[in-house]
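S.K.: Okay, so here is my_file.txt, and as you'll see once you scroll down, it has compact mmCIF, C-alpha atoms.
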```txt
# COMPACT_ATOMS: atom_id res chain seq x y z
CA MET A 1418 -28.73 19.98 -76.67
CA LYS A 1419 -28.75 23.71 -76.11
CA VAL A 1420 -27.14 25.18 -72.99
CA SER A 1421 -27.46 28.75 -71.71
CA VAL A 1422 -24.22 29.83 -70.05
CA LEU A 1423 -24.41 32.76 -67.62
CA PHE A 1424 -21.76 35.09 -69.00
CA SER A 1425 -19.94 38.00 -67.39
CA GLY A 1426 -17.16 38.40 -69.96
CA GLY A 1427 -14.70 37.10 -67.35
CA LYS A 1428 -12.39 34.14 -67.77
CA ASP A 1429 -14.40 31.58 -65.81
CA SER A 1430 -17.64 31.97 -67.75
CA SER A 1431 -15.73 32.25 -71.04
CA LEU A 1432 -13.76 29.09 -70.34
CA SER A 1433 -16.93 27.24 -69.31
CA ALA A 1434 -18.48 28.10 -72.66
CA LEU A 1435 -15.39 26.87 -74.51
CA LEU A 1436 -15.39 23.56 -72.62
CA LEU A 1437 -19.05 22.96 -73.44
CA GLU A 1438 -18.79 23.98 -77.10
CA PRO A 1439 -17.81 20.58 -78.54
CA PHE A 1440 -20.80 18.89 -76.88
CA PHE A 1441 -23.62 21.44 -76.71
CA GLU A 1442 -25.17 24.26 -78.68
CA VAL A 1443 -23.96 27.13 -76.49
CA GLU A 1444 -25.65 30.50 -76.01
CA LEU A 1445 -24.23 33.13 -73.67
CA VAL A 1446 -26.61 35.05 -71.41
CA THR A 1447 -25.70 38.23 -69.54
CA CYS A 1448 -27.94 39.58 -66.81
CA ASN A 1449 -28.61 43.31 -66.63
CA PHE A 1450 -30.64 45.64 -64.39
CA GLY A 1451 -30.70 48.62 -66.79
CA LEU A 1452 -28.31 50.70 -64.70
CA LEU A 1453 -25.17 50.31 -66.82
CA PRO A 1454 -24.68 48.95 -70.35
CA THR A 1455 -23.04 45.73 -69.12
CA GLY A 1456 -24.95 43.75 -71.74
CA GLU A 1457 -23.11 45.61 -74.49
CA ILE A 1458 -19.70 45.00 -72.95
CA ALA A 1459 -20.48 41.29 -72.69
CA ALA A 1460 -21.95 41.19 -76.21
CA LYS A 1461 -18.67 42.49 -77.61
CA THR A 1462 -16.69 39.78 -75.79
CA ALA A 1463 -19.17 37.12 -76.87
CA GLU A 1464 -18.72 38.20 -80.48
CA GLU A 1465 -14.93 37.91 -80.14
CA LEU A 1466 -15.45 34.40 -78.78
CA HIS A 1467 -17.84 33.54 -81.64
CA PHE A 1468 -20.79 32.61 -79.46
CA PRO A 1469 -24.41 33.78 -79.81
CA HIS A 1470 -25.29 36.12 -76.96
CA ARG A 1471 -28.34 37.71 -75.40
CA VAL A 1472 -29.10 39.99 -72.49
CA LEU A 1473 -31.55 38.91 -69.79
CA SER A 1474 -33.23 41.84 -68.02
CA LEU A 1475 -33.60 41.21 -64.31
CA ASP A 1476 -36.20 42.92 -62.10
CA ARG A 1477 -34.87 46.04 -60.45
CA GLU A 1478 -36.34 44.86 -57.14
CA ILE A 1479 -33.68 42.12 -57.14
CA LEU A 1480 -30.98 44.80 -57.25
CA GLU A 1481 -32.78 46.80 -54.54
CA LYS A 1482 -32.86 43.76 -52.28
CA ALA A 1483 -29.17 43.12 -52.97
CA TYR A 1484 -28.45 46.77 -52.14
CA GLU A 1485 -30.16 46.35 -48.76
CA LEU A 1486 -28.24 43.14 -48.13
CA VAL A 1487 -24.80 44.60 -48.81
CA LEU A 1488 -25.49 47.67 -46.64
CA ASN A 1489 -26.85 45.55 -43.80
CA GLU A 1490 -24.12 42.91 -43.95
CA GLY A 1491 -21.20 45.24 -44.64
CA PHE A 1492 -19.80 43.03 -47.37
CA PRO A 1493 -21.10 41.88 -50.77
CA ARG A 1494 -21.09 38.08 -50.49
CA GLY A 1495 -24.74 37.57 -49.54
CA ALA A 1496 -25.92 40.18 -52.03
CA ILE A 1497 -24.03 38.66 -54.96
CA ASN A 1498 -25.24 35.18 -54.08
CA TYR A 1499 -28.78 36.49 -53.82
CA ILE A 1500 -28.59 38.07 -57.30
CA HIS A 1501 -27.08 34.88 -58.70
CA GLY A 1502 -29.87 32.68 -57.33
CA ARG A 1503 -32.53 35.03 -58.69
CA ALA A 1504 -30.72 35.25 -62.05
CA VAL A 1505 -30.66 31.46 -62.43
CA GLU A 1506 -34.36 31.33 -61.47
CA THR A 1507 -35.28 34.07 -63.97
CA LEU A 1508 -33.41 32.28 -66.74
CA ALA A 1509 -35.00 28.97 -65.76
CA LEU A 1510 -38.49 30.49 -66.18
CA ASP A 1511 -37.84 30.86 -69.94
CA PRO A 1512 -39.63 27.83 -71.43
CA ALA A 1513 -36.95 27.53 -74.14
CA VAL A 1514 -34.22 27.07 -71.51
CA LYS A 1515 -33.61 23.50 -70.35
CA LEU A 1516 -29.91 23.55 -69.43
CA ILE A 1517 -28.17 26.33 -67.51
CA ALA A 1518 -24.44 26.47 -66.80
CA ASP A 1519 -22.14 28.96 -65.16
CA GLY A 1520 -18.45 29.47 -64.39
CA THR A 1521 -18.44 28.48 -60.69
CA ARG A 1522 -15.10 26.91 -59.73
CA ARG A 1523 -14.10 24.46 -56.97
CA ASP A 1524 -12.64 27.12 -54.72
CA ASP A 1525 -15.20 29.89 -55.35
CA ARG A 1526 -17.18 31.20 -52.44
CA VAL A 1527 -19.22 33.70 -54.42
CA PRO A 1528 -21.36 33.59 -56.50
CA MET A 1529 -22.29 30.12 -55.40
CA LEU A 1530 -25.56 28.23 -55.13
CA SER A 1531 -25.84 25.64 -52.38
CA ILE A 1532 -26.65 22.10 -53.44
CA SER A 1533 -30.13 22.47 -51.92
CA GLN A 1534 -30.75 25.69 -53.90
CA VAL A 1535 -29.66 23.87 -57.07
CA ARG A 1536 -31.94 20.89 -56.41
CA SER A 1537 -34.83 23.20 -55.58
CA ILE A 1538 -34.43 25.11 -58.86
CA GLU A 1539 -34.04 21.88 -60.84
CA ASP A 1540 -37.12 20.29 -59.27
CA ARG A 1541 -39.42 23.32 -59.30
CA LEU A 1542 -38.51 24.72 -62.69
CA GLY A 1543 -37.69 21.62 -64.74
CA VAL A 1544 -34.21 22.71 -65.78
CA GLN A 1545 -30.77 21.22 -65.21
CA TYR A 1546 -28.07 23.46 -63.79
CA PHE A 1547 -24.40 22.58 -63.97
CA CYS A 1548 -20.91 23.99 -63.57
CA PRO A 1549 -18.17 22.66 -65.88
CA LEU A 1550 -15.42 24.13 -63.67
CA LYS A 1551 -16.84 22.98 -60.34
CA GLY A 1552 -14.33 20.15 -60.08
CA CYS A 1553 -11.36 22.33 -61.08
CA GLY A 1554 -8.87 24.16 -58.90
CA LYS A 1555 -7.22 27.47 -59.80
CA LYS A 1556 -4.16 26.00 -61.53
CA ILE A 1557 -6.14 23.88 -63.99
CA VAL A 1558 -8.38 26.83 -64.82
CA ASP A 1559 -5.36 29.11 -65.27
CA SER A 1560 -3.66 26.58 -67.56
CA LEU A 1561 -6.72 26.26 -69.77
CA VAL A 1562 -7.32 30.02 -69.82
CA GLY A 1563 -3.65 30.53 -70.74
CA ALA A 1564 -3.96 28.04 -73.59
CA TYR A 1565 -7.24 29.26 -75.07
CA LEU A 1566 -7.96 32.88 -74.14
CA ASN A 1567 -6.39 36.31 -74.39
CA ILE A 1568 -7.18 38.14 -71.17
CA GLU A 1569 -6.46 41.37 -69.34
CA GLN A 1570 -6.39 41.35 -65.56
CA GLY A 1571 -6.72 44.26 -63.20
CA PRO A 1572 -8.27 45.47 -59.94
CA SER A 1573 -12.04 45.02 -59.80
CA GLU A 1574 -12.76 48.76 -59.77
CA SER A 1575 -11.09 49.43 -63.12
CA THR A 1576 -11.80 46.28 -65.12
CA GLN A 1577 -14.68 46.41 -67.58
CA LYS A 1578 -16.92 43.51 -66.78
CA ALA A 1579 -20.54 42.51 -66.87
CA ASP A 1580 -20.86 40.61 -63.61
CA TYR A 1581 -23.50 41.16 -60.92
CA GLU A 1582 -21.09 43.30 -58.92
CA THR A 1583 -20.75 45.98 -61.60
CA GLU A 1584 -24.29 47.33 -61.35
CA LEU A 1585 -24.51 46.74 -57.60
CA ARG A 1586 -21.44 48.93 -57.14
CA GLU A 1587 -22.96 51.57 -59.41
CA LEU A 1588 -26.17 51.73 -57.38
CA ILE A 1589 -24.17 52.11 -54.17
CA ARG A 1590 -21.99 54.77 -55.81
CA GLN A 1591 -25.09 56.75 -56.86
CA ARG A 1592 -26.71 56.60 -53.42
CA GLN A 1593 -23.83 56.38 -50.98
CA GLY A 1594 -20.88 57.84 -52.86
CA GLU A 1595 -17.46 56.51 -53.87
CA ALA A 1596 -16.23 56.08 -50.28
CA ALA A 1597 -18.93 53.48 -49.56
CA ILE A 1598 -17.65 51.33 -52.45
CA LYS A 1599 -14.14 51.22 -50.99
CA GLU A 1600 -15.57 50.29 -47.61
CA LEU A 1601 -17.98 47.60 -48.77
CA PHE A 1602 -16.08 45.92 -51.62
CA PRO A 1603 -12.68 44.36 -51.06
CA VAL A 1604 -10.39 45.08 -54.03
CA HIS A 1605 -9.82 41.86 -55.92
CA PHE A 1606 -8.38 41.07 -59.29
CA GLN A 1607 -10.80 40.57 -62.10
CA SER A 1608 -10.28 39.32 -65.61
CA HIS A 1609 -11.65 40.67 -68.83
CA VAL A 1610 -11.50 38.37 -71.83
CA PHE A 1611 -10.53 39.81 -75.21
CA SER A 1612 -10.54 36.92 -77.62
CA ARG A 1613 -9.59 33.32 -78.26
CA LYS A 1614 -5.98 32.32 -78.57
CA LYS A 1615 -6.81 29.16 -80.46
CA PHE A 1616 -9.63 26.77 -81.15
CA PRO A 1617 -9.44 23.25 -79.68
CA MET B 127 -1.21 19.11 -71.56
CA LYS B 128 -1.46 15.42 -70.70
CA VAL B 129 -4.08 14.20 -68.24
CA SER B 130 -4.31 10.76 -66.64
CA VAL B 131 -7.94 9.77 -66.16
CA LEU B 132 -8.68 7.06 -63.60
CA PHE B 133 -10.69 4.58 -65.62
CA SER B 134 -13.03 1.79 -64.53
CA GLY B 135 -14.70 1.15 -67.88
CA GLY B 136 -17.91 2.62 -66.45
CA LYS B 137 -19.88 5.49 -67.91
CA ASP B 138 -18.66 8.24 -65.58
CA SER B 139 -14.95 7.74 -66.19
CA SER B 140 -15.56 7.15 -69.91
CA LEU B 141 -17.60 10.33 -70.23
CA SER B 142 -14.98 12.30 -68.30
CA ALA B 143 -12.33 11.19 -70.78
CA LEU B 144 -14.55 12.21 -73.71
CA LEU B 145 -15.18 15.67 -72.23
CA LEU B 146 -11.45 16.26 -71.76
CA GLU B 147 -10.41 14.92 -75.15
CA PRO B 148 -10.75 18.19 -77.13
CA PHE B 149 -8.53 20.05 -74.65
CA PHE B 150 -5.99 17.56 -73.28
CA GLU B 151 -3.90 14.62 -74.31
CA VAL B 152 -5.86 11.91 -72.48
CA GLU B 153 -4.49 8.63 -71.14
CA LEU B 154 -6.70 6.18 -69.25
CA VAL B 155 -5.31 4.50 -66.14
CA THR B 156 -6.87 1.48 -64.46
CA CYS B 157 -5.77 0.39 -60.99
CA ASN B 158 -5.28 -3.27 -60.27
CA PHE B 159 -4.22 -5.38 -57.28
CA GLY B 160 -3.35 -8.54 -59.22
CA LEU B 161 -6.36 -10.48 -57.97
CA LEU B 162 -8.53 -10.35 -61.09
CA PRO B 163 -7.70 -9.30 -64.66
CA THR B 164 -9.61 -6.02 -64.37
CA GLY B 165 -6.87 -4.22 -66.30
CA GLU B 166 -7.62 -6.35 -69.35
CA ILE B 167 -11.36 -5.66 -69.20
CA ALA B 168 -10.66 -1.93 -68.99
CA ALA B 169 -8.04 -2.09 -71.74
CA LYS B 170 -10.61 -3.56 -74.11
CA THR B 171 -13.08 -0.75 -73.36
CA ALA B 172 -10.34 1.87 -73.69
CA GLU B 173 -9.47 0.47 -77.11
CA GLU B 174 -13.12 0.73 -78.19
CA LEU B 175 -13.08 4.35 -77.03
CA HIS B 176 -9.81 5.00 -78.91
CA PHE B 177 -7.82 6.16 -75.91
CA PRO B 178 -4.35 5.02 -74.83
CA HIS B 179 -4.58 2.94 -71.67
CA ARG B 180 -2.30 1.55 -69.00
CA VAL B 181 -2.66 -0.48 -65.83
CA LEU B 182 -1.33 0.87 -62.53
CA SER B 183 -0.44 -1.87 -60.04
CA LEU B 184 -1.41 -0.92 -56.51
CA ASP B 185 0.20 -2.38 -53.38
CA ARG B 186 -1.68 -5.39 -52.04
CA GLU B 187 -1.47 -3.90 -48.54
CA ILE B 188 -3.93 -1.21 -49.75
CA LEU B 189 -6.44 -3.95 -50.58
CA GLU B 190 -5.74 -5.67 -47.25
CA LYS B 191 -6.44 -2.45 -45.36
CA ALA B 192 -9.64 -1.94 -47.38
CA TYR B 193 -10.66 -5.52 -46.56
CA GLU B 194 -10.26 -4.80 -42.86
CA LEU B 195 -12.24 -1.57 -43.22
CA VAL B 196 -15.21 -3.13 -44.96
CA LEU B 197 -15.40 -5.98 -42.45
CA ASN B 198 -15.12 -3.62 -39.49
CA GLU B 199 -17.58 -1.06 -40.82
CA GLY B 200 -20.09 -3.49 -42.31
CA PHE B 201 -20.40 -1.51 -45.55
CA PRO B 202 -17.94 -0.65 -48.31
CA ARG B 203 -17.99 3.15 -48.39
CA GLY B 204 -14.92 3.83 -46.25
CA ALA B 205 -12.97 1.02 -47.91
CA ILE B 206 -13.67 2.26 -51.45
CA ASN B 207 -12.79 5.83 -50.49
CA TYR B 208 -9.60 4.59 -48.89
CA ILE B 209 -8.57 2.71 -52.04
CA HIS B 210 -9.42 5.75 -54.16
CA GLY B 211 -7.27 8.10 -52.09
CA ARG B 212 -4.33 5.69 -52.19
CA ALA B 213 -4.82 5.16 -55.95
CA VAL B 214 -4.68 8.91 -56.64
CA GLU B 215 -1.58 9.18 -54.45
CA THR B 216 0.12 6.25 -56.20
CA LEU B 217 -0.58 7.77 -59.59
CA ALA B 218 0.60 11.18 -58.39
CA LEU B 219 3.98 9.69 -57.40
CA ASP B 220 4.72 8.99 -61.09
CA PRO B 221 6.97 11.91 -62.11
CA ALA B 222 5.44 11.94 -65.61
CA VAL B 223 1.96 12.56 -64.17
CA LYS B 224 1.01 16.21 -63.61
CA LEU B 225 -2.76 16.18 -64.09
CA ILE B 226 -5.12 13.54 -62.68
CA ALA B 227 -8.85 13.40 -63.35
CA ASP B 228 -11.64 11.03 -62.43
CA GLY B 229 -15.34 10.53 -62.98
CA THR B 230 -16.68 11.83 -59.64
CA ARG B 231 -20.12 13.44 -60.06
CA ARG B 232 -21.99 16.08 -58.06
CA ASP B 233 -24.22 13.60 -56.26
CA ASP B 234 -21.65 10.84 -55.70
CA ARG B 235 -20.85 9.79 -52.17
CA VAL B 236 -18.26 7.18 -53.08
CA PRO B 237 -15.52 7.14 -54.24
CA MET B 238 -15.00 10.71 -53.18
CA LEU B 239 -12.00 12.66 -51.94
CA SER B 240 -12.68 15.48 -49.50
CA ILE B 241 -11.48 18.93 -50.50
CA SER B 242 -8.79 18.74 -47.82
CA GLN B 243 -7.56 15.39 -49.16
CA VAL B 244 -7.42 16.91 -52.65
CA ARG B 245 -5.47 19.97 -51.49
CA SER B 246 -3.10 17.79 -49.48
CA ILE B 247 -2.34 15.58 -52.51
CA GLU B 248 -1.93 18.64 -54.77
CA ASP B 249 0.40 20.41 -52.35
CA ARG B 250 2.51 17.43 -51.29
CA LEU B 251 2.84 15.72 -54.65
CA GLY B 252 2.86 18.62 -57.12
CA VAL B 253 -0.04 17.38 -59.22
CA GLN B 254 -3.43 18.88 -60.05
CA TYR B 255 -6.50 16.71 -59.50
CA PHE B 256 -9.85 17.54 -61.05
CA CYS B 257 -13.27 16.10 -61.80
CA PRO B 258 -14.97 17.18 -65.05
CA LEU B 259 -18.36 15.85 -63.86
CA LYS B 260 -18.20 17.30 -60.36
CA GLY B 261 -20.61 20.12 -61.24
CA CYS B 262 -23.05 17.82 -63.05
CA GLY B 263 -26.18 16.13 -61.74
CA LYS B 264 -27.44 12.74 -62.89
CA LYS B 265 -29.66 14.00 -65.72
CA ILE B 266 -26.90 15.94 -67.47
CA VAL B 267 -24.57 12.96 -67.21
CA ASP B 268 -27.25 10.59 -68.51
CA SER B 269 -27.98 12.90 -71.46
CA LEU B 270 -24.32 13.08 -72.44
CA VAL B 271 -23.82 9.34 -71.97
CA GLY B 272 -26.92 8.71 -74.09
CA ALA B 273 -25.55 10.95 -76.84
CA TYR B 274 -21.98 9.66 -76.94
CA LEU B 275 -21.71 6.14 -75.51
CA ASN B 276 -23.14 2.69 -76.03
CA ILE B 277 -23.58 1.15 -72.59
CA GLU B 278 -24.94 -1.92 -70.87
CA GLN B 279 -26.39 -1.61 -67.38
CA GLY B 280 -26.96 -4.30 -64.84
CA PRO B 281 -26.68 -5.21 -61.15
CA SER B 282 -23.20 -4.69 -59.71
CA GLU B 283 -22.60 -8.40 -59.12
CA SER B 284 -22.96 -9.38 -62.77
CA THR B 285 -21.54 -6.39 -64.64
CA GLN B 286 -17.99 -6.67 -65.92
CA LYS B 287 -16.13 -3.69 -64.58
CA ALA B 288 -12.71 -2.63 -63.44
CA ASP B 289 -13.56 -0.46 -60.46
CA TYR B 290 -12.07 -0.74 -56.99
CA GLU B 291 -15.05 -2.75 -55.79
CA THR B 292 -14.44 -5.64 -58.19
CA GLU B 293 -11.25 -6.92 -56.56
CA LEU B 294 -12.39 -6.01 -53.05
CA ARG B 295 -15.46 -8.19 -53.54
CA GLU B 296 -13.26 -10.99 -54.89
CA LEU B 297 -11.00 -10.93 -51.82
CA ILE B 298 -14.03 -11.08 -49.53
CA ARG B 299 -15.49 -13.90 -51.62
CA GLN B 300 -12.25 -15.89 -51.32
CA ARG B 301 -11.97 -15.44 -47.57
CA GLN B 302 -15.53 -15.07 -46.33
CA GLY B 303 -17.64 -16.71 -49.03
CA GLU B 304 -20.43 -15.55 -51.29
CA ALA B 305 -22.87 -14.81 -48.44
CA ALA B 306 -20.57 -12.13 -47.01
CA ILE B 307 -20.70 -10.25 -50.33
CA LYS B 308 -24.48 -10.08 -50.24
CA GLU B 309 -24.35 -8.86 -46.66
CA LEU B 310 -21.66 -6.22 -47.12
CA PHE B 311 -22.37 -4.81 -50.59
CA PRO B 312 -25.72 -3.28 -51.41
CA VAL B 313 -26.80 -4.27 -54.94
CA HIS B 314 -26.61 -1.21 -57.15
CA PHE B 315 -26.76 -0.74 -60.87
CA GLN B 316 -23.46 -0.46 -62.67
CA SER B 317 -22.70 0.47 -66.21
CA HIS B 318 -20.27 -1.09 -68.61
CA VAL B 319 -19.31 0.92 -71.65
CA PHE B 320 -19.04 -0.79 -75.02
CA SER B 321 -18.12 1.88 -77.50
CA ARG B 322 -18.73 5.40 -78.75
CA LYS B 323 -21.97 6.30 -80.40
CA LYS B 324 -20.47 9.30 -82.15
CA PHE B 325 -17.57 11.69 -81.97
CA PRO B 326 -18.22 15.30 -80.96
```
Would you encode the structure as structure tokens?
M.R.:
Amino acid sequence: MKVSVLFSGGKDSSLSALLLEPFFEVELVTCNFGLLPTGEIAAKTAEELHFPHRVLSLDREILEKAYELVLNEGFPRGAINYIHGRAVETLALDPAVKLIADGTRRDDRVPMLSISQVRSIEDRLGVQYFCPLKGCGKKIVDSLVGAYLNIEQGPSESTQKADYETELRELIRQRQGEAAIKELFPVHFQSHVFSRKKFP
Amino acid sequence: MKVSVLFSGGKDSSLSALLLEPFFEVELVTCNFGLLPTGEIAAKTAEELHFPHRVLSLDREILEKAYELVLNEGFPRGAINYIHGRAVETLALDPAVKLIADGTRRDDRVPMLSISQVRSIEDRLGVQYFCPLKGCGKKIVDSLVGAYLNIEQGPSESTQKADYETELRELIRQRQGEAAIKELFPVHFQSHVFSRKKFP
């Protein structure tokens, strides 16, 4: 069975791919709006991890809608969740895609699909969506990451990543300036994965 | 890292153990109240799956409390969840146990710990509890089971299993008779695992 894992180059999506590897044919998929070369950053990480990788172009109107959401709401949660839902739907429309996974963890609040969103996508689009880390708390994830991955961690504004936030921030920077970023996005620590420490 | 997987001999706990095997040192643990030889049934299955296995004796007062619950409530959900919570706690009290996993799936309603129960057990007892199938719907689980396990399915009353329900039903049978079982327990299909189909 082939599974398409939504891949940001961060530790959660990387670890999800590793956990699925013994049981599935894994491909990594990074979403991109054409604003920044996030697909290339992710492709480099995917190569280090020895997984096939491709970039999925998302409609710019999805980013525009997310831009409106974050400005209206004053924080990025709804916007990131909106992009995530549309990304899963776009991937699910590919007739070659039957299984979709991502790095959502037990304690994540964003990006996160509700169970009714998941069932709706599964029923309408004939795919199965699942999250290998959904039943795992932070300590288990950190232990596995520590055992299998070489990572760099840093504040979200300086860490090279290919998540939905990266291009959303860039669009806001272009239109609203640097100050708007600091106001709208709480600084949080992000991880960038370099390579594998070992193979299971 | 060693993980103790709560094991009923059914497909969900068996599959959970298989998914963890490449990344952890897995031991299977079956809970027993001393009423029926469920530990022996599970031990046989564990041997077929090539995992180390042990039986964890649970206090009979847990079963007595569950018995009261099912009679008072008229259905077994609360009783099974109660046993499950106490089983995880009992296992967590073993100083050699640091990681506990079970076969809970995305769409399960029982046995199921709430997120606050999980955090309470993790914080009080210094263990991590996780569920490899928690982010998986029925179809993904069925696909993986179909690929890796030989199973037999049948109605819950006739399938040999070592789950919490087995001894709870037996206690009710002894005290209330066969008719009470039919009244209190909805017939549902259970799986019994025979062996592995293949190794990943």
S.K.: At most 12 Å from (-22.0, 48.9, -70.5), file frame, all atoms listed in the file: which residues, as a PyMOL selection string?
M.R.: chain A and resi 1425-1426+1447-1462+1472+1576-1580+1583-1584+1587
S.K.: Restricted to C-alpha atoms, what would the selected residues look like written as a PDB file, in the coordinates of the input?
M.R.:
```
ATOM      1  CA  SER A1425     -19.940  38.000 -67.390  1.00  0.00           C
ATOM      2  CA  GLY A1426     -17.160  38.400 -69.960  1.00  0.00           C
ATOM      3  CA  THR A1447     -25.700  38.230 -69.540  1.00  0.00           C
ATOM      4  CA  CYS A1448     -27.940  39.580 -66.810  1.00  0.00           C
ATOM      5  CA  ASN A1449     -28.610  43.310 -66.630  1.00  0.00           C
ATOM      6  CA  PHE A1450     -30.640  45.640 -64.390  1.00  0.00           C
ATOM      7  CA  GLY A1451     -30.700  48.620 -66.790  1.00  0.00           C
ATOM      8  CA  LEU A1452     -28.310  50.700 -64.700  1.00  0.00           C
ATOM      9  CA  LEU A1453     -25.170  50.310 -66.820  1.00  0.00           C
ATOM     10  CA  PRO A1454     -24.680  48.950 -70.350  1.00  0.00           C
ATOM     11  CA  THR A1455     -23.040  45.730 -69.120  1.00  0.00           C
ATOM     12  CA  GLY A1456     -24.950  43.750 -71.740  1.00  0.00           C
ATOM     13  CA  GLU A1457     -23.110  45.610 -74.490  1.00  0.00           C
ATOM     14  CA  ILE A1458     -19.700  45.000 -72.950  1.00  0.00           C
ATOM     15  CA  ALA A1459     -20.480  41.290 -72.690  1.00  0.00           C
ATOM     16  CA  ALA A1460     -21.950  41.190 -76.210  1.00  0.00           C
ATOM     17  CA  LYS A1461     -18.670  42.490 -77.610  1.00  0.00           C
ATOM     18  CA  THR A1462     -16.690  39.780 -75.790  1.00  0.00           C
ATOM     19  CA  VAL A1472     -29.100  39.990 -72.490  1.00  0.00           C
ATOM     20  CA  THR A1576     -11.800  46.280 -65.120  1.00  0.00           C
ATOM     21  CA  GLN A1577     -14.680  46.410 -67.580  1.00  0.00           C
ATOM     22  CA  LYS A1578     -16.920  43.510 -66.780  1.00  0.00           C
ATOM     23  CA  ALA A1579     -20.540  42.510 -66.870  1.00  0.00           C
ATOM     24  CA  ASP A1580     -20.860  40.610 -63.610  1.00  0.00           C
ATOM     25  CA  THR A1583     -20.750  45.980 -61.600  1.00  0.00           C
ATOM     26  CA  GLU A1584     -24.290  47.330 -61.350  1.00  0.00           C
ATOM     27  CA  GLU A1587     -22.960  51.570 -59.410  1.00  0.00           C
TER      28      GLU A1587
END
```
S.K.: Which is closest to Asn276 of chain B among B:Ser240, B:Gln316, B:Thr230, B:Ser140, if we use all atoms listed in the file?
M.R.: B:Ser140
S.K.: Tell me as a PDB file with C-alpha atoms, in the frame of the given file which residues belonging to chain B come within 9 Å of chain A, counting only C-alpha atoms.
M.R.:
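Wrote result.pdb, looks like this:
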```pdb
ATOM      1  CA  MET B 127      -1.210  19.110 -71.560  1.00  0.00           C
ATOM      2  CA  LEU B 145     -15.180  15.670 -72.230  1.00  0.00           C
ATOM      3  CA  LEU B 146     -11.450  16.260 -71.760  1.00  0.00           C
ATOM      4  CA  PRO B 148     -10.750  18.190 -77.130  1.00  0.00           C
ATOM      5  CA  PHE B 149      -8.530  20.050 -74.650  1.00  0.00           C
ATOM      6  CA  LEU B 225      -2.760  16.180 -64.090  1.00  0.00           C
ATOM      7  CA  THR B 230     -16.680  11.830 -59.640  1.00  0.00           C
ATOM      8  CA  ARG B 231     -20.120  13.440 -60.060  1.00  0.00           C
ATOM      9  CA  ARG B 232     -21.990  16.080 -58.060  1.00  0.00           C
ATOM     10  CA  ILE B 241     -11.480  18.930 -50.500  1.00  0.00           C
ATOM     11  CA  GLN B 254      -3.430  18.880 -60.050  1.00  0.00           C
ATOM     12  CA  TYR B 255      -6.500  16.710 -59.500  1.00  0.00           C
ATOM     13  CA  PHE B 256      -9.850  17.540 -61.050  1.00  0.00           C
ATOM     14  CA  CYS B 257     -13.270  16.100 -61.800  1.00  0.00           C
ATOM     15  CA  PRO B 258     -14.970  17.180 -65.050  1.00  0.00           C
ATOM     16  CA  LEU B 259     -18.360  15.850 -63.860  1.00  0.00           C
ATOM     17  CA  LYS B 260     -18.200  17.300 -60.360  1.00  0.00           C
ATOM     18  CA  GLY B 261     -20.610  20.120 -61.240  1.00  0.00           C
ATOM     19  CA  CYS B 262     -23.050  17.820 -63.050  1.00  0.00           C
ATOM     20  CA  GLY B 263     -26.180  16.130 -61.740  1.00  0.00           C
ATOM     21  CA  LYS B 265     -29.660  14.000 -65.720  1.00  0.00           C
ATOM     22  CA  ILE B 266     -26.900  15.940 -67.470  1.00  0.00           C
ATOM     23  CA  SER B 269     -27.980  12.900 -71.460  1.00  0.00           C
ATOM     24  CA  LEU B 270     -24.320  13.080 -72.440  1.00  0.00           C
ATOM     25  CA  PRO B 326     -18.220  15.300 -80.960  1.00  0.00           C
TER      26      PRO B 326
END
```
S.K.: I'd like to know which of A:Leu1466, A:Val1527, A:Leu1445, A:Leu1588 is closest to Pro1493 of chain A, using only C-alpha atoms.
M.R.: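 The closest residue to Pro1493 of chain A is A:Val1527.
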S.K.: If you measure from atom CA of Leu1508 of chain A to atom CA of Gly1520 of chain A, what distance in Å do you get, rounded to one decimal?
M.R.: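 We find that atom CA of Leu1508 of chain A and atom CA of Gly1520 of chain A lie 15.4 Å from each other.
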S.K.: Quick check, in Å to one decimal: how far apart do atom CA of Glu1478 of chain A and atom CA of Ile1500 of chain A lie?
M.R.: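 We find that atom CA of Glu1478 of chain A and atom CA of Ile1500 of chain A lie 10.3 Å from each other.
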S.K.: Rounded to one decimal, what separation in Å do you get between atom CA of Val1443 of chain A and atom CA of Val131 of chain B?
M.R.: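 Computing the Euclidean distance for atom CA of Val1443 of chain A and atom CA of Val131 of chain B yields 25.8 Å.
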